[in-house]
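Chemist: I have a structure I would like to understand better, so I am pasting it below and will then ask my questions one at a time.
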Amino acid sequence: MAAQLSQLGEFGLIQKIAKGMPLSGSVRLGIGDDAAVVEHKPGRKGLLTTDMLVEGVHFLKTMPPALIGRKALAVSISDIAAMGGVPRHALVSLGVSSQTEITYVAKIYQGLRQIARAFNVDIVGGDTVRSKTLVLNVALTGEVRARDLVTRSQARPGDHIYVTGPLGNAYASGHHLRFTPRLKQAQYLVRHCKPSAMIDISDGLASDLRHVLEASHVSGLLDREAIPLRAGAKLSNALNDGEDFELLFTLSKAKARKLHQAKTRFPFWQIGEIGPGKSAGAVIFTDGKTKPLPGQGYTHF
């Protein structure tokens, strides 16, 4: 019997797709981070990201269509923020049944326009196709000053681990539709105490922390009591639910002191520390003991 995607897993599939992918000299970073990085202009790099939202997976059709449209662009803005950049131009593709009411589709694009204006994004094109289920795909470009670029791969032993907000219960609470991409927080960080690594938390703290650890070839220790939880959330929700779209980032001890001493309107929570080793393992200190980090986060396969 042929192997199935459920055996390979989402991230195994991504690794398989990435192998042997042809890349020209203009590509500085391809598959494997929140956004691809390409040559742009002197002193700046171009950023490219895309996200697909599918009815029944990322939203229900009974949810407010303006919020569905808003989310479709917001998740990609969050990816650009995680790279230290700012969003620029978007292409929006829509798959929808021919029986859908015109007013419903209009409200989706109303939500898209509203968040595009709020984050200075130009929607410059896209595609529409017939589909039994509602599908929204956004391809977004951005740019970043070369010195501000942050990836997942530079966390170092001794770095402190931070998040930009409470985690867990995002879907049940409606946060996954109404979140604000942490672009302002990311811009503050890259200009005042540039992180060594950063990622947006879309698949849960457990999964996205592991991405950083694996890319950086380090280990991690989390403090159970320090992880901020959204109202109604348990630790398991924060670790595995996903859809939070907060930023997880790491700072050297010197930059961590600078952040704590700074008078900023942005709250940041220190939740752990990067450790040595190439096992990319993660553990959590809870109930007076250190245990392996439970859960794997959200995966599609």
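Naming scheme: A, B, ... for chains in displayed order of the structure tokens; residues 1 onward per chain; ligands 1 onward as shown.
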Using only C-alpha atoms, determine which residues lie at most 9 Å from region 221-230 of chain A, disregarding the query and same-chain residues fewer than 5 positions distant; provide the list as a list in words.
Modeler: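 The filter keeps Ile161, Val163, Gly165, Pro166, Leu167, Gly168, Asn169, Ala170, Ser173, Leu235, Asn237, Ala238, Trp269, Gln270, Ile271, Gly272, Glu273, Ile274, Gly275, Gly281, Ala282, Val283, Ile284, Phe285, Thr286, Asp287, Thr290 and Leu293 of chain A.
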Chemist: Restricting it to C-alpha atoms, dump the selection as a PDB file, in the first residue's frame.
Modeler:
ATOM      1  CA  ILE A 161      12.338  33.136  25.129  1.00  0.00           C
ATOM      2  CA  VAL A 163       5.887  35.841  23.564  1.00  0.00           C
ATOM      3  CA  GLY A 165       0.560  37.909  24.270  1.00  0.00           C
ATOM      4  CA  PRO A 166      -1.658  35.276  25.921  1.00  0.00           C
ATOM      5  CA  LEU A 167      -2.050  31.900  24.243  1.00  0.00           C
ATOM      6  CA  GLY A 168      -4.701  29.191  23.885  1.00  0.00           C
ATOM      7  CA  ASN A 169      -8.457  29.063  23.337  1.00  0.00           C
ATOM      8  CA  ALA A 170      -8.097  31.224  20.228  1.00  0.00           C
ATOM      9  CA  SER A 173     -12.979  32.647  21.993  1.00  0.00           C
ATOM     10  CA  LEU A 235      -1.689  24.843  29.248  1.00  0.00           C
ATOM     11  CA  ASN A 237      -4.539  24.758  24.705  1.00  0.00           C
ATOM     12  CA  ALA A 238      -1.563  27.127  24.630  1.00  0.00           C
ATOM     13  CA  TRP A 269       6.266  37.811  28.533  1.00  0.00           C
ATOM     14  CA  GLN A 270       9.486  35.904  29.206  1.00  0.00           C
ATOM     15  CA  ILE A 271       8.534  32.215  29.222  1.00  0.00           C
ATOM     16  CA  GLY A 272      11.809  30.307  29.126  1.00  0.00           C
ATOM     17  CA  GLU A 273      15.402  30.028  27.994  1.00  0.00           C
ATOM     18  CA  ILE A 274      17.358  28.511  25.124  1.00  0.00           C
ATOM     19  CA  GLY A 275      19.717  25.711  26.101  1.00  0.00           C
ATOM     20  CA  GLY A 281      14.460  19.029  22.355  1.00  0.00           C
ATOM     21  CA  ALA A 282      12.098  21.091  24.475  1.00  0.00           C
ATOM     22  CA  VAL A 283      11.261  20.582  28.136  1.00  0.00           C
ATOM     23  CA  ILE A 284       8.957  22.392  30.530  1.00  0.00           C
ATOM     24  CA  PHE A 285       9.381  23.114  34.238  1.00  0.00           C
ATOM     25  CA  THR A 286       6.106  22.399  36.006  1.00  0.00           C
ATOM     26  CA  ASP A 287       5.096  21.192  39.475  1.00  0.00           C
ATOM     27  CA  THR A 290      11.368  19.245  34.452  1.00  0.00           C
ATOM     28  CA  LEU A 293       7.214  19.303  26.473  1.00  0.00           C
TER      29      LEU A 293
END
Chemist: Within 10 Å of Thr250 (chain A), counting only C-alpha atoms, which residues show up once you throw out same-chain ones fewer than 3 positions away? Write them as a PyMOL selection string, please.
Modeler: chain A and resi 152+154-156+158-163+194-199+212+253+255-256+270+272-274
Chemist: Can you pull out every residue from region 3-174 of chain A that DSSP, working from the backbone, puts in helix (DSSP H, G or I), and format the result as a count of residues only?
Modeler: 55
Chemist: I'd like the neighbourhood of Ser202 (chain A) as JSON, numbers by chain, where a residue qualifies if any of its atoms comes within 6 Å (using only C-alpha atoms), though same-chain residues fewer than 6 positions away should be ignored.
Modeler: {"A": [242, 243, 244, 245]}
Chemist: For the selection you just gave me, I'd like the residues written to a file as a JSON list (two decimals), in the first residue's frame, keeping N, CA, C and O atoms.
Modeler:
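Output (selection-v9.json):
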[["chain", "number", "residue", "atom", "x", "y", "z"],
["A", 242, "GLY", "N", -3.10, 26.37, 18.53],
["A", 242, "GLY", "CA", -2.76, 27.22, 17.40],
["A", 242, "GLY", "C", -3.73, 28.38, 17.23],
["A", 242, "GLY", "O", -4.59, 28.62, 18.07],
["A", 243, "GLU", "N", -3.57, 29.11, 16.12],
["A", 243, "GLU", "CA", -4.42, 30.24, 15.77],
["A", 243, "GLU", "C", -4.26, 31.45, 16.71],
["A", 243, "GLU", "O", -5.13, 32.31, 16.74],
["A", 244, "ASP", "N", -3.17, 31.51, 17.46],
["A", 244, "ASP", "CA", -2.94, 32.65, 18.36],
["A", 244, "ASP", "C", -2.40, 33.85, 17.61],
["A", 244, "ASP", "O", -2.75, 34.99, 17.90],
["A", 245, "PHE", "N", -1.46, 33.62, 16.70],
["A", 245, "PHE", "CA", -0.83, 34.67, 15.91],
["A", 245, "PHE", "C", -0.15, 35.73, 16.78],
["A", 245, "PHE", "O", -0.11, 36.91, 16.43]]
Chemist: Restricting the calculation to only C-alpha atoms, which member of A:Leu213, A:Val105, A:Leu47, A:Val150 is positioned closest to Pro87 (chain A)?
Modeler: A:Leu47
